[in-house]
Structures are given as C-alpha cells and as structure tokens.
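Have a look at start-v3.tsv below; it lists TSV, C-alpha atoms.
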```tsv
chain	number	residue	atom	x	y	z
A	89	MET	CA	-78.65	21.92	26.34
A	90	THR	CA	-76.14	19.75	24.48
A	91	SER	CA	-74.39	22.80	23.03
A	92	ARG	CA	-72.82	23.62	26.38
A	93	ALA	CA	-71.93	20.04	27.31
A	94	PRO	CA	-68.65	18.24	26.58
A	95	THR	CA	-68.71	15.95	23.54
A	96	SER	CA	-68.38	12.17	23.82
A	97	LEU	CA	-64.89	12.43	22.35
A	98	THR	CA	-63.91	14.93	25.07
A	99	ASN	CA	-65.20	12.55	27.74
A	100	LEU	CA	-63.37	9.59	26.22
A	101	ILE	CA	-60.06	11.47	25.97
A	102	ASN	CA	-60.50	12.77	29.52
A	103	GLY	CA	-61.07	9.24	30.83
A	104	LEU	CA	-57.96	7.93	29.04
A	105	VAL	CA	-55.80	10.82	30.30
A	106	LEU	CA	-57.02	10.12	33.86
A	107	LEU	CA	-56.01	6.45	33.55
A	108	ALA	CA	-52.61	7.50	32.15
A	109	LEU	CA	-52.13	9.83	35.13
A	110	LEU	CA	-53.00	6.93	37.45
A	111	ALA	CA	-50.24	4.85	35.82
A	112	LEU	CA	-47.87	7.81	36.23
A	113	THR	CA	-48.74	8.15	39.94
A	114	ILE	CA	-47.91	4.50	40.57
A	115	ALA	CA	-44.68	4.61	38.52
A	116	VAL	CA	-43.41	7.76	40.26
A	117	ALA	CA	-44.16	6.31	43.71
A	118	TYR	CA	-41.48	3.64	43.17
A	119	ILE	CA	-38.79	6.21	42.25
A	120	ASN	CA	-36.98	7.79	45.20
A	121	LEU	CA	-37.39	11.57	44.94
A	122	GLY	CA	-36.97	12.18	48.67
A	123	PRO	CA	-39.51	14.65	50.05
A	124	LEU	CA	-40.56	15.45	46.47
A	125	ASN	CA	-42.43	12.13	46.22
A	126	THR	CA	-45.39	13.52	48.15
A	127	VAL	CA	-45.27	16.82	46.24
A	128	VAL	CA	-45.33	15.05	42.87
A	129	ALA	CA	-48.08	12.64	43.99
A	130	MET	CA	-50.26	15.55	45.16
A	131	ALA	CA	-49.54	17.51	41.96
A	132	ILE	CA	-50.72	14.55	39.84
A	133	SER	CA	-53.80	14.10	42.04
A	134	GLY	CA	-54.48	17.84	41.71
A	135	ALA	CA	-54.25	17.55	37.91
A	136	LYS	CA	-56.65	14.58	37.93
A	137	ALA	CA	-59.09	16.48	40.17
A	138	ALA	CA	-58.88	19.51	37.86
A	139	LEU	CA	-59.68	17.39	34.79
A	140	ILE	CA	-62.65	15.78	36.57
A	141	LEU	CA	-63.92	19.19	37.78
A	142	LEU	CA	-63.51	20.95	34.42
A	143	PHE	CA	-64.86	18.29	32.04
A	144	PHE	CA	-66.82	15.57	33.87
A	145	MET	CA	-68.35	18.05	36.32
A	146	GLN	CA	-68.63	20.53	33.43
A	147	LEU	CA	-67.24	23.57	35.25
A	148	ARG	CA	-65.53	24.59	32.00
A	149	TYR	CA	-69.01	24.94	30.47
A	150	SER	CA	-70.68	26.53	33.51
A	151	LYS	CA	-71.59	30.08	34.47
A	152	PRO	CA	-69.28	32.11	36.76
A	153	SER	CA	-71.72	31.75	39.66
A	154	VAL	CA	-71.26	27.95	39.55
A	155	TRP	CA	-67.49	28.50	39.60
A	156	ILE	CA	-67.84	30.61	42.75
A	157	PHE	CA	-69.98	27.96	44.50
A	158	ALA	CA	-67.53	25.22	43.52
A	159	ALA	CA	-64.49	27.25	44.59
A	160	ALA	CA	-66.07	28.12	47.97
A	161	GLY	CA	-65.77	24.56	49.29
A	162	PHE	CA	-62.10	24.31	48.35
A	163	PHE	CA	-61.46	27.84	49.66
A	164	TRP	CA	-62.79	26.96	53.13
A	165	LEU	CA	-60.88	23.67	53.04
A	166	ALA	CA	-57.67	25.63	52.35
A	167	ILE	CA	-58.42	27.97	55.29
A	168	MET	CA	-59.04	25.01	57.61
A	169	ILE	CA	-55.83	23.23	56.66
A	170	ALA	CA	-53.67	26.38	56.58
A	171	MET	CA	-54.86	27.64	59.98
A	172	ALA	CA	-54.55	24.22	61.65
A	173	LEU	CA	-51.06	23.60	60.26
A	174	SER	CA	-49.94	27.09	61.28
A	175	ASP	CA	-50.45	25.73	64.78
A	176	TYR	CA	-49.06	22.19	64.41
A	177	LEU	CA	-46.02	23.16	62.31
A	178	THR	CA	-44.89	26.01	64.57
A	179	ARG	CA	-45.19	24.39	68.02
A	180	GLY	CA	-41.51	23.48	67.94
A	181	TRP	CA	-40.50	27.11	67.49
A	182	VAL	CA	-41.24	28.20	71.08
B	293	MET	CA	-102.11	20.11	22.78
B	294	SER	CA	-99.90	17.61	20.97
B	295	ALA	CA	-96.97	15.90	22.64
B	296	ALA	CA	-94.52	17.89	20.55
B	297	THR	CA	-95.63	21.22	21.98
B	298	LEU	CA	-95.76	20.14	25.64
B	299	PRO	CA	-93.70	22.67	27.60
B	300	VAL	CA	-90.66	21.50	29.50
B	301	ARG	CA	-91.59	21.06	33.16
B	302	PHE	CA	-90.42	23.67	35.64
B	303	GLU	CA	-91.67	24.85	39.03
B	304	HIS	CA	-93.67	28.05	39.37
B	305	GLN	CA	-90.99	29.98	41.30
B	306	PHE	CA	-88.66	29.93	38.27
B	307	ASP	CA	-88.84	32.09	35.16
B	308	ASP	CA	-87.81	29.29	32.81
B	309	PRO	CA	-86.26	25.78	32.78
B	310	ALA	CA	-82.75	27.23	32.39
B	311	GLN	CA	-83.07	29.18	35.63
B	312	GLN	CA	-84.43	26.11	37.41
B	313	ARG	CA	-81.47	24.05	36.18
B	314	HIS	CA	-79.03	26.75	37.29
B	315	ALA	CA	-80.55	26.91	40.79
B	316	ALA	CA	-80.43	23.11	41.11
B	317	THR	CA	-76.78	23.03	40.03
B	318	LEU	CA	-75.85	25.70	42.59
B	319	GLY	CA	-77.70	23.75	45.30
B	320	MET	CA	-75.77	20.59	44.44
B	321	TRP	CA	-72.47	22.47	44.65
B	322	ILE	CA	-73.43	23.80	48.09
B	323	PHE	CA	-74.01	20.20	49.20
B	324	LEU	CA	-70.66	19.18	47.68
B	325	ALA	CA	-68.95	22.04	49.57
B	326	THR	CA	-70.20	20.51	52.83
B	327	GLU	CA	-68.86	17.16	51.62
B	328	ILE	CA	-65.47	18.72	50.83
B	329	LEU	CA	-65.27	19.99	54.42
B	330	PHE	CA	-66.56	16.67	55.83
B	331	PHE	CA	-63.79	14.71	54.11
B	332	GLY	CA	-61.43	17.67	54.60
B	333	ALA	CA	-61.53	17.24	58.39
B	334	MET	CA	-60.26	13.66	57.95
B	335	PHE	CA	-57.58	14.79	55.50
B	336	LEU	CA	-56.53	17.39	58.07
B	337	GLY	CA	-56.27	14.79	60.85
B	338	TYR	CA	-54.19	12.64	58.53
B	339	THR	CA	-51.90	15.56	57.64
B	340	ALA	CA	-51.33	16.62	61.26
B	341	TYR	CA	-50.42	13.07	62.35
B	342	ARG	CA	-48.25	12.45	59.30
B	343	VAL	CA	-46.33	15.70	59.91
B	344	TYR	CA	-45.67	14.59	63.50
B	345	TYR	CA	-44.93	10.89	62.86
B	346	PRO	CA	-43.65	10.64	59.26
B	347	GLN	CA	-41.66	7.45	59.89
B	348	ALA	CA	-44.54	5.49	61.46
B	349	PHE	CA	-46.90	6.61	58.65
B	350	ALA	CA	-44.38	5.65	55.96
B	351	GLU	CA	-43.88	2.18	57.44
B	352	ALA	CA	-47.58	1.60	58.06
B	353	SER	CA	-48.46	2.75	54.52
B	354	ARG	CA	-46.17	0.04	53.10
B	355	HIS	CA	-48.50	-2.55	54.67
B	356	THR	CA	-51.49	-1.44	52.59
B	357	LEU	CA	-52.37	-3.64	49.60
B	358	ILE	CA	-51.45	-1.49	46.62
B	359	ALA	CA	-52.73	-3.88	43.93
B	360	PHE	CA	-56.25	-3.59	45.38
B	361	GLY	CA	-55.97	0.19	45.72
B	362	ALA	CA	-54.63	0.71	42.19
B	363	THR	CA	-57.29	-1.54	40.61
B	364	ASN	CA	-60.02	0.25	42.52
B	365	THR	CA	-58.73	3.66	41.41
B	366	ALA	CA	-58.96	2.52	37.78
B	367	VAL	CA	-62.45	1.09	38.38
B	368	LEU	CA	-63.72	4.38	39.82
B	369	LEU	CA	-62.11	6.48	37.07
B	370	ILE	CA	-63.75	4.29	34.41
B	371	SER	CA	-67.07	4.47	36.27
B	372	SER	CA	-66.82	8.28	36.28
B	373	THR	CA	-66.11	8.27	32.54
B	374	VAL	CA	-69.17	6.08	31.92
B	375	MET	CA	-71.23	8.47	34.07
B	376	ALA	CA	-70.02	11.39	31.92
B	377	PHE	CA	-71.34	9.51	28.88
B	378	ALA	CA	-74.64	8.92	30.72
B	379	VAL	CA	-75.01	12.65	31.35
B	380	GLY	CA	-74.38	13.21	27.62
B	381	ALA	CA	-77.03	10.62	26.68
B	382	ALA	CA	-79.53	12.26	29.08
B	383	GLY	CA	-78.92	15.63	27.40
B	384	ARG	CA	-79.75	14.06	24.03
B	385	ASN	CA	-82.94	12.41	25.41
B	386	LYS	CA	-81.70	8.89	24.69
B	387	SER	CA	-83.48	6.97	27.49
B	388	ARG	CA	-82.33	3.41	26.72
B	389	PRO	CA	-78.62	4.25	26.24
B	390	LEU	CA	-78.89	6.43	29.35
B	391	ALA	CA	-80.28	3.52	31.40
B	392	THR	CA	-77.62	1.13	30.06
B	393	LEU	CA	-74.79	3.55	30.86
B	394	LEU	CA	-76.18	4.11	34.36
B	395	PHE	CA	-76.30	0.34	34.96
B	396	VAL	CA	-72.66	0.03	33.80
B	397	ALA	CA	-71.58	2.90	36.09
B	398	ALA	CA	-73.45	1.32	39.03
B	399	ALA	CA	-71.94	-2.11	38.28
B	400	LEU	CA	-68.44	-0.59	38.30
B	401	GLY	CA	-69.23	1.09	41.63
B	402	ALA	CA	-70.37	-2.27	43.00
B	403	THR	CA	-67.14	-3.82	41.67
B	404	PHE	CA	-65.21	-1.22	43.67
B	405	LEU	CA	-67.07	-2.28	46.82
B	406	VAL	CA	-66.47	-5.99	46.22
B	407	ILE	CA	-62.73	-5.42	45.69
B	408	LYS	CA	-62.65	-3.21	48.79
B	409	GLY	CA	-64.37	-5.99	50.72
B	410	PHE	CA	-61.73	-8.56	49.75
B	411	GLU	CA	-59.05	-6.01	50.65
B	412	TYR	CA	-60.61	-5.34	54.08
B	413	SER	CA	-60.87	-9.09	54.67
B	414	ARG	CA	-57.17	-9.63	53.95
B	415	GLU	CA	-56.21	-6.67	56.13
B	416	ILE	CA	-58.25	-7.99	59.05
B	417	HIS	CA	-56.60	-11.37	58.53
B	418	GLU	CA	-53.16	-9.70	58.60
B	419	GLY	CA	-54.00	-7.93	61.86
B	420	LEU	CA	-54.24	-4.41	60.43
B	421	LEU	CA	-57.58	-3.59	62.04
B	422	PRO	CA	-56.86	-1.31	65.06
B	423	GLY	CA	-57.85	-2.72	68.41
B	424	ARG	CA	-56.92	-5.69	70.56
B	425	HIS	CA	-55.76	-7.85	67.67
B	426	PHE	CA	-53.76	-5.16	65.89
B	427	ARG	CA	-50.24	-6.36	65.11
B	428	ILE	CA	-47.65	-4.74	62.89
B	429	ASP	CA	-43.90	-5.15	62.68
B	430	VAL	CA	-42.72	-1.53	62.98
B	431	ALA	CA	-40.74	0.51	65.51
B	432	ASP	CA	-43.52	2.97	66.42
B	433	ARG	CA	-46.48	0.61	66.72
B	434	MET	CA	-48.75	3.18	68.38
B	435	HIS	CA	-48.67	5.68	65.53
B	436	ALA	CA	-48.73	2.98	62.87
B	437	GLU	CA	-52.01	2.00	64.50
B	438	MET	CA	-53.12	5.64	64.25
B	439	PHE	CA	-52.43	5.49	60.51
B	440	PHE	CA	-54.74	2.48	60.26
B	441	TYR	CA	-57.42	4.16	62.40
B	442	ILE	CA	-57.47	6.95	59.83
B	443	TYR	CA	-57.26	4.44	56.95
B	444	TRP	CA	-60.32	2.48	58.13
B	445	VAL	CA	-62.45	5.53	58.98
B	446	VAL	CA	-61.77	7.49	55.81
B	447	THR	CA	-62.00	4.52	53.41
B	448	GLY	CA	-65.08	3.32	55.29
B	449	VAL	CA	-66.82	6.67	54.95
B	450	HIS	CA	-65.78	6.80	51.29
B	451	ALA	CA	-67.15	3.28	50.74
B	452	LEU	CA	-70.43	4.43	52.34
B	453	HIS	CA	-70.55	7.24	49.74
B	454	VAL	CA	-69.89	4.72	46.96
B	455	THR	CA	-72.68	2.50	48.33
B	456	ILE	CA	-75.14	5.40	48.34
B	457	GLY	CA	-74.00	6.30	44.81
B	458	VAL	CA	-74.47	2.75	43.49
B	459	ILE	CA	-78.01	2.57	44.94
B	460	LEU	CA	-78.98	5.98	43.51
B	461	ILE	CA	-77.43	5.31	40.09
B	462	ALA	CA	-79.15	1.91	39.80
B	463	PHE	CA	-82.46	3.48	40.90
B	464	PHE	CA	-82.10	6.25	38.30
B	465	GLY	CA	-81.20	3.57	35.72
B	466	PHE	CA	-84.47	1.73	36.36
B	467	ARG	CA	-86.42	4.99	36.13
B	468	ALA	CA	-84.71	5.84	32.83
B	469	TRP	CA	-85.45	2.35	31.46
B	470	PHE	CA	-89.10	2.01	32.54
B	471	THR	CA	-90.38	5.62	32.62
B	472	ASP	CA	-89.84	8.85	30.71
B	473	ALA	CA	-88.96	10.70	33.93
B	474	PHE	CA	-85.82	12.20	32.37
B	475	ARG	CA	-87.30	13.14	29.00
B	476	ASP	CA	-86.51	16.86	28.55
B	477	HIS	CA	-85.57	16.78	32.21
B	478	ASP	CA	-81.93	15.67	32.50
B	479	THR	CA	-81.03	17.86	35.52
B	480	PRO	CA	-81.36	14.97	38.03
B	481	ILE	CA	-78.86	12.92	35.98
B	482	GLU	CA	-76.45	15.87	35.88
B	483	LEU	CA	-76.63	16.31	39.65
B	484	LEU	CA	-76.21	12.57	40.22
B	485	GLY	CA	-73.13	12.79	37.98
B	486	LEU	CA	-71.72	15.66	40.07
B	487	TYR	CA	-72.05	13.50	43.21
B	488	TRP	CA	-70.41	10.49	41.56
B	489	HIS	CA	-67.49	12.52	40.18
B	490	PHE	CA	-66.98	14.08	43.63
B	491	VAL	CA	-66.71	10.62	45.20
B	492	ASP	CA	-64.13	9.83	42.51
B	493	ILE	CA	-62.09	12.97	43.34
B	494	VAL	CA	-61.95	12.00	47.02
B	495	TRP	CA	-60.51	8.61	46.08
B	496	VAL	CA	-58.01	10.23	43.67
B	497	PHE	CA	-56.45	11.92	46.73
B	498	LEU	CA	-56.90	9.00	49.14
B	499	PHE	CA	-55.07	6.53	46.91
B	500	PRO	CA	-51.58	8.15	46.95
B	501	LEU	CA	-51.95	9.42	50.52
B	502	LEU	CA	-52.82	6.01	51.99
B	503	TYR	CA	-51.10	3.48	49.71
B	504	MET	CA	-48.01	5.24	48.46
B	505	ILE	CA	-46.36	7.33	51.17
B	506	ASP	CA	-43.16	5.32	50.96
B	507	ARG	CA	-43.05	2.68	48.22
B	508	HIS	CA	-39.60	3.56	46.88
B	509	THR	CA	-37.65	2.22	49.87
B	510	SER	CA	-38.12	-1.41	50.79
```
Output the file's structure in the form of structure tokens.
Amino acid sequence: MTSRAPTSLTNLINGLVLLALLALTIAVAYINLGPLNTVVAMAISGAKAALILLFFMQLRYSKPSVWIFAAAGFFWLAIMIAMALSDYLTRGWV
Amino acid sequence: MSAATLPVRFEHQFDDPAQQRHAATLGMWIFLATEILFFGAMFLGYTAYRVYYPQAFAEASRHTLIAFGATNTAVLLISSTVMAFAVGAAGRNKSRPLATLLFVAAALGATFLVIKGFEYSREIHEGLLPGRHFRIDVADRMHAEMFFYIYWVVTGVHALHVTIGVILIAFFGFRAWFTDAFRDHDTPIELLGLYWHFVDIVWVFLFPLLYMIDRHTS
C-alpha cells in the first residue's frame, strides 16, 4: 500500500509550505490592497486547502471515483453559495 | 497456518482488501461532504451578513485576538503534518512509531483547545460574548454583535470537532500501542487522518475570514 502513498519527505515539505503560506496570509493582511485583500486571503486559503487535499488527504494518489466523491461536497457547497448570493446580491437592483 | 501466511482481514461482501479499503474511503468522503455542507451553511450566513454590513464586520474583526488565532493555525497545520506521518507509519506497519505520532497529533490538538480556551476567556472578559453584557466601541453595534454571534458559533462547532478528533486520535494511539489492531489494517488510521485534515481545512478558511477582514487600517 505504501507505493501509492506520499513519502515522508513529501509530507515534510508540504507541512513547511503550509506554514510559509500561513506567514504569507498574515503579512498580506497588514498591506492595504483595498477589496483585493479578501481575494488574496481566500486565494492563499484555497492553495492551502488544495495542498492538504492533494497530499495529506492523498487525493493525488487516489482513484477517480474518490475524486468524484470529494468534489461532490465542494460542488454542492458552490451551488448553495452561488444560488443564495444571487438573491442577496441582486436585491438592490429592483 | 503460520503467522506469515495469515490473510489480511476483510469482510465477506468484498472481493479483496483493496476493494474494502476503497469502499471505506468513499464512505468517509461522503461523510466529509455532509460536513462541508454543515460548515458551509455557517460560511454562507457569514458571507451574506458581511456583504450587507462590510463596515461593521471589518471593525468587529479588528477586535479578535490575532496572536491566538495565528498560533492556533500553526498548531493545527503542524498537527495535520504529524498525522500525515502517522498514516505513513501505519502503512509500513510500524505500530510504536504510529502510536507515538498519534499521541503527538492529539497533544497538538489539545494545545489548540487550551489556547482557544484562553482566547475565549479574554474575549468574554472584554465583553465580546453576544448577549446582555456585549460591549464594543463601533458605530454599528448591532451588526458587530452579529459578527461575534457567527464567530462564537462557528469556532465553537469547530472546537467541538477538534475535541472529537483529539479523543479519537488518542484512543487510536492507545490501540496502536497496546494491540496489533492496525497490523496489515491501516484503513482506520487513513480515515481518521481524512477527518483530522478536514478539520484543519475548515480552520484554514476561518482564520482569515474571522481575524483578518481589516487589519491594514488601524
């Protein structure tokens, strides 16, 4: 089973990159980028989540069916947020 | 039959251990999908209120204690890394290192909870707990209070998940140390790891959304 698992070195590097991204999140938060602050913060969080999903949660080493099951949760989350915001964000238009 | 030729355990409805492992992994991801939507509802509530009252949320967010939040983010990320090593040790049938790594991961999770406890205590002392004693020096007090309603509920539910994780990880650590429950049977450790990494991902999004909406103006 070890052949399809990430190596210890991969896990170590992934952990260090995640901590570096944490430092980056904090540093960027103190720079005024206007509305881009939230965009950048979410982009960094998205990158961290992707690294955790791919290596720690081993999606990179998993079968396509596992990918589909993992994507389903995020897919429905995207539908929920998109549909709800299509209401909240457009109420001022009428 | 000698110990070396004992077959790997798997239930009768599966063709082989690989299929059993695959089914278990899919089942865990289905559970995690429900968790994504469970936390997602709270993220949605946060987003809707923040879109409507950006100023109140920005001002309220500046009252959170960022040193606690940042330290706790690092603690959880390190705990996740240790858990990844534990899953690796389980795959190589190394029971003692597996148990040790699980204990370290659980201890880091407990550290998170202790830090969170001190943070909650200071926030209550500063009047940031919504209710009769809520006090905050901002223009839109009502929606600053809404920010803290969301803050307490979502971090509280997350802390509950961390608590469950710490208990499970410590329990699995004792089983790995005292029994051979995970010998040639590392799937439970993998699934426990999936849960722990998921809890980490939730915090990775909570940290910037709660603590750092507006740190650049002060």
Residues of chain B near chain A: apply a cut-off of 8 Å, count all atoms listed in the file, and supply the list as a PyMOL selection string. chain B and resi 317-318+321-322+324-326+328-329+332+336+340+343+362+365-366+369-370+372-373+376-377+380+383-384+485-486+489+493+496-497+500+504-509
Figure out the distance between CA of Trp444 in chain B and CA of Asn364 in chain B, please, to one decimal in Å.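 Atom-to-atom, CA of Asn364 in chain B to CA of Trp444 in chain B, that is 15.8 Å.
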Axis-aligned box over every listed atom of range 354-361 of chain B, padded by 4 Å per side: centre and edges in Å to one decimal, as JSON?
```
{"center_x": -51.2, "center_y": -1.8, "center_z": 49.3, "size_x": 18.1, "size_y": 12.1, "size_z": 18.7}
```
Might you pull out every residue within 7 Å of Leu390 in chain B, with all atoms listed in the file counted and same-chain residues fewer than 4 positions away left off, and present them as an MDAnalysis selection string? chainID B and resid 378 381:382 386 394 468
To one decimal place in Å, what is the distance between CA of Phe474 in chain B and CA of Ser387 in chain B?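 Value for the CA of Phe474 in chain B-CA of Ser387 in chain B distance: 7.5 Å.
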Point-to-point distance from CA of Gly465 in chain B to CA of Arg388 in chain B, Å rounded to tenths: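 If I compute the distance from CA of Gly465 in chain B to CA of Arg388 in chain B, I get 9.1 Å.
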Give me the residues within 9 Å of Val430 in chain B as a PDB file with C-alpha atoms, in the frame of the given file, counting all atoms listed in the file and dropping any in the same chain fewer than 4 places off.
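To be explicit, this is the file written out as around-v4.pdb:
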```pdb
ATOM      1  CA  ALA B 348     -44.540   5.490  61.460  1.00  0.00           C
ATOM      2  CA  GLU B 351     -43.880   2.180  57.440  1.00  0.00           C
ATOM      3  CA  ALA B 352     -47.580   1.600  58.060  1.00  0.00           C
ATOM      4  CA  ALA B 436     -48.730   2.980  62.870  1.00  0.00           C
TER       5      ALA B 436
END
```
Measuring atom to atom with only C-alpha atoms, identify which of B:Met320, B:Ala391, B:Val374, B:Leu368 is nearest to Trp469 in chain B.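 For Trp469 in chain B, the nearest of the given residues is B:Ala391.
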Can you pull out the residues contacting Ala310 in chain B? Cut-off 12 Å, using only C-alpha atoms, and skip same-chain residues under 3 positions away; I want them as a list in words.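 Answer for this query is Met89 and Lys151 of chain A; Val300, Arg301, Phe302, Glu303, Phe306, Asp307, Arg313, His314, Ala315, Ala316, Thr317, Asp476, His477, Asp478 and Thr479 of chain B.
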Can you write just those residues out, C-alpha atoms, as an mmCIF file, keeping the file's coordinate frame?
```cif
data_model
loop_
_atom_site.group_PDB
_atom_site.id
_atom_site.type_symbol
_atom_site.label_atom_id
_atom_site.label_comp_id
_atom_site.auth_asym_id
_atom_site.auth_seq_id
_atom_site.Cartn_x
_atom_site.Cartn_y
_atom_site.Cartn_z
ATOM 1 C CA MET A 89 -78.650 21.920 26.340
ATOM 2 C CA LYS A 151 -71.590 30.080 34.470
ATOM 3 C CA VAL B 300 -90.660 21.500 29.500
ATOM 4 C CA ARG B 301 -91.590 21.060 33.160
ATOM 5 C CA PHE B 302 -90.420 23.670 35.640
ATOM 6 C CA GLU B 303 -91.670 24.850 39.030
ATOM 7 C CA PHE B 306 -88.660 29.930 38.270
ATOM 8 C CA ASP B 307 -88.840 32.090 35.160
ATOM 9 C CA ARG B 313 -81.470 24.050 36.180
ATOM 10 C CA HIS B 314 -79.030 26.750 37.290
ATOM 11 C CA ALA B 315 -80.550 26.910 40.790
ATOM 12 C CA ALA B 316 -80.430 23.110 41.110
ATOM 13 C CA THR B 317 -76.780 23.030 40.030
ATOM 14 C CA ASP B 476 -86.510 16.860 28.550
ATOM 15 C CA HIS B 477 -85.570 16.780 32.210
ATOM 16 C CA ASP B 478 -81.930 15.670 32.500
ATOM 17 C CA THR B 479 -81.030 17.860 35.520
#
```
My list of candidates is B:Tyr412, B:Phe464, B:Trp488, B:Trp495. Which is closest to Phe335 in chain B when distances are computed with all atoms listed in the file?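 Closest to Phe335 in chain B, using all atoms listed in the file: B:Trp495.
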Missing atoms of range 431-453 of chain B rebuilt to N, CA and C atoms, written as a PDB file, in the coordinates of the input:
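Just written: result_1.pdb:
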```
ATOM      1  N   ALA B 431     -41.323  -0.012  64.275  1.00  0.00           N
ATOM      2  CA  ALA B 431     -40.740   0.510  65.510  1.00  0.00           C
ATOM      3  C   ALA B 431     -41.799   1.238  66.350  1.00  0.00           C
ATOM      4  N   ASP B 432     -42.537   2.157  65.709  1.00  0.00           N
ATOM      5  CA  ASP B 432     -43.520   2.970  66.420  1.00  0.00           C
ATOM      6  C   ASP B 432     -44.917   2.391  66.181  1.00  0.00           C
ATOM      7  N   ARG B 433     -45.231   1.337  66.944  1.00  0.00           N
ATOM      8  CA  ARG B 433     -46.480   0.610  66.720  1.00  0.00           C
ATOM      9  C   ARG B 433     -47.702   1.511  66.955  1.00  0.00           C
ATOM     10  N   MET B 434     -47.612   2.361  67.986  1.00  0.00           N
ATOM     11  CA  MET B 434     -48.750   3.180  68.380  1.00  0.00           C
ATOM     12  C   MET B 434     -49.224   4.095  67.242  1.00  0.00           C
ATOM     13  N   HIS B 435     -48.254   4.746  66.568  1.00  0.00           N
ATOM     14  CA  HIS B 435     -48.670   5.680  65.530  1.00  0.00           C
ATOM     15  C   HIS B 435     -48.906   4.997  64.192  1.00  0.00           C
ATOM     16  N   ALA B 436     -48.338   3.790  64.024  1.00  0.00           N
ATOM     17  CA  ALA B 436     -48.730   2.980  62.870  1.00  0.00           C
ATOM     18  C   ALA B 436     -50.200   2.592  63.009  1.00  0.00           C
ATOM     19  N   GLU B 437     -50.592   2.322  64.255  1.00  0.00           N
ATOM     20  CA  GLU B 437     -52.010   2.000  64.500  1.00  0.00           C
ATOM     21  C   GLU B 437     -52.887   3.218  64.208  1.00  0.00           C
ATOM     22  N   MET B 438     -52.367   4.420  64.560  1.00  0.00           N
ATOM     23  CA  MET B 438     -53.120   5.640  64.250  1.00  0.00           C
ATOM     24  C   MET B 438     -53.330   5.789  62.750  1.00  0.00           C
ATOM     25  N   PHE B 439     -52.269   5.461  61.966  1.00  0.00           N
ATOM     26  CA  PHE B 439     -52.430   5.490  60.510  1.00  0.00           C
ATOM     27  C   PHE B 439     -53.594   4.600  60.099  1.00  0.00           C
ATOM     28  N   PHE B 440     -53.675   3.398  60.686  1.00  0.00           N
ATOM     29  CA  PHE B 440     -54.740   2.480  60.260  1.00  0.00           C
ATOM     30  C   PHE B 440     -56.110   2.877  60.811  1.00  0.00           C
ATOM     31  N   TYR B 441     -56.142   3.557  61.971  1.00  0.00           N
ATOM     32  CA  TYR B 441     -57.420   4.160  62.400  1.00  0.00           C
ATOM     33  C   TYR B 441     -57.942   5.077  61.295  1.00  0.00           C
ATOM     34  N   ILE B 442     -57.062   5.987  60.851  1.00  0.00           N
ATOM     35  CA  ILE B 442     -57.470   6.950  59.830  1.00  0.00           C
ATOM     36  C   ILE B 442     -57.833   6.211  58.538  1.00  0.00           C
ATOM     37  N   TYR B 443     -57.008   5.210  58.174  1.00  0.00           N
ATOM     38  CA  TYR B 443     -57.260   4.440  56.950  1.00  0.00           C
ATOM     39  C   TYR B 443     -58.664   3.830  56.971  1.00  0.00           C
ATOM     40  N   TRP B 444     -59.018   3.168  58.081  1.00  0.00           N
ATOM     41  CA  TRP B 444     -60.320   2.480  58.130  1.00  0.00           C
ATOM     42  C   TRP B 444     -61.471   3.467  58.144  1.00  0.00           C
ATOM     43  N   VAL B 445     -61.344   4.569  58.889  1.00  0.00           N
ATOM     44  CA  VAL B 445     -62.450   5.530  58.980  1.00  0.00           C
ATOM     45  C   VAL B 445     -62.672   6.201  57.622  1.00  0.00           C
ATOM     46  N   VAL B 446     -61.579   6.686  57.017  1.00  0.00           N
ATOM     47  CA  VAL B 446     -61.770   7.490  55.810  1.00  0.00           C
ATOM     48  C   VAL B 446     -62.158   6.607  54.620  1.00  0.00           C
ATOM     49  N   THR B 447     -61.567   5.390  54.505  1.00  0.00           N
ATOM     50  CA  THR B 447     -62.000   4.520  53.410  1.00  0.00           C
ATOM     51  C   THR B 447     -63.405   3.972  53.679  1.00  0.00           C
ATOM     52  N   GLY B 448     -63.739   3.783  54.958  1.00  0.00           N
ATOM     53  CA  GLY B 448     -65.080   3.320  55.290  1.00  0.00           C
ATOM     54  C   GLY B 448     -66.142   4.345  54.933  1.00  0.00           C
ATOM     55  N   VAL B 449     -65.863   5.611  55.279  1.00  0.00           N
ATOM     56  CA  VAL B 449     -66.820   6.670  54.950  1.00  0.00           C
ATOM     57  C   VAL B 449     -66.907   6.849  53.435  1.00  0.00           C
ATOM     58  N   HIS B 450     -65.762   6.715  52.758  1.00  0.00           N
ATOM     59  CA  HIS B 450     -65.780   6.800  51.290  1.00  0.00           C
ATOM     60  C   HIS B 450     -66.595   5.656  50.703  1.00  0.00           C
ATOM     61  N   ALA B 451     -66.402   4.440  51.235  1.00  0.00           N
ATOM     62  CA  ALA B 451     -67.150   3.280  50.740  1.00  0.00           C
ATOM     63  C   ALA B 451     -68.653   3.473  50.971  1.00  0.00           C
ATOM     64  N   LEU B 452     -69.016   4.122  52.086  1.00  0.00           N
ATOM     65  CA  LEU B 452     -70.430   4.430  52.340  1.00  0.00           C
ATOM     66  C   LEU B 452     -70.971   5.342  51.230  1.00  0.00           C
ATOM     67  N   HIS B 453     -70.144   6.342  50.834  1.00  0.00           N
ATOM     68  CA  HIS B 453     -70.550   7.240  49.740  1.00  0.00           C
ATOM     69  C   HIS B 453     -70.702   6.473  48.432  1.00  0.00           C
TER      70      HIS B 453
END
```
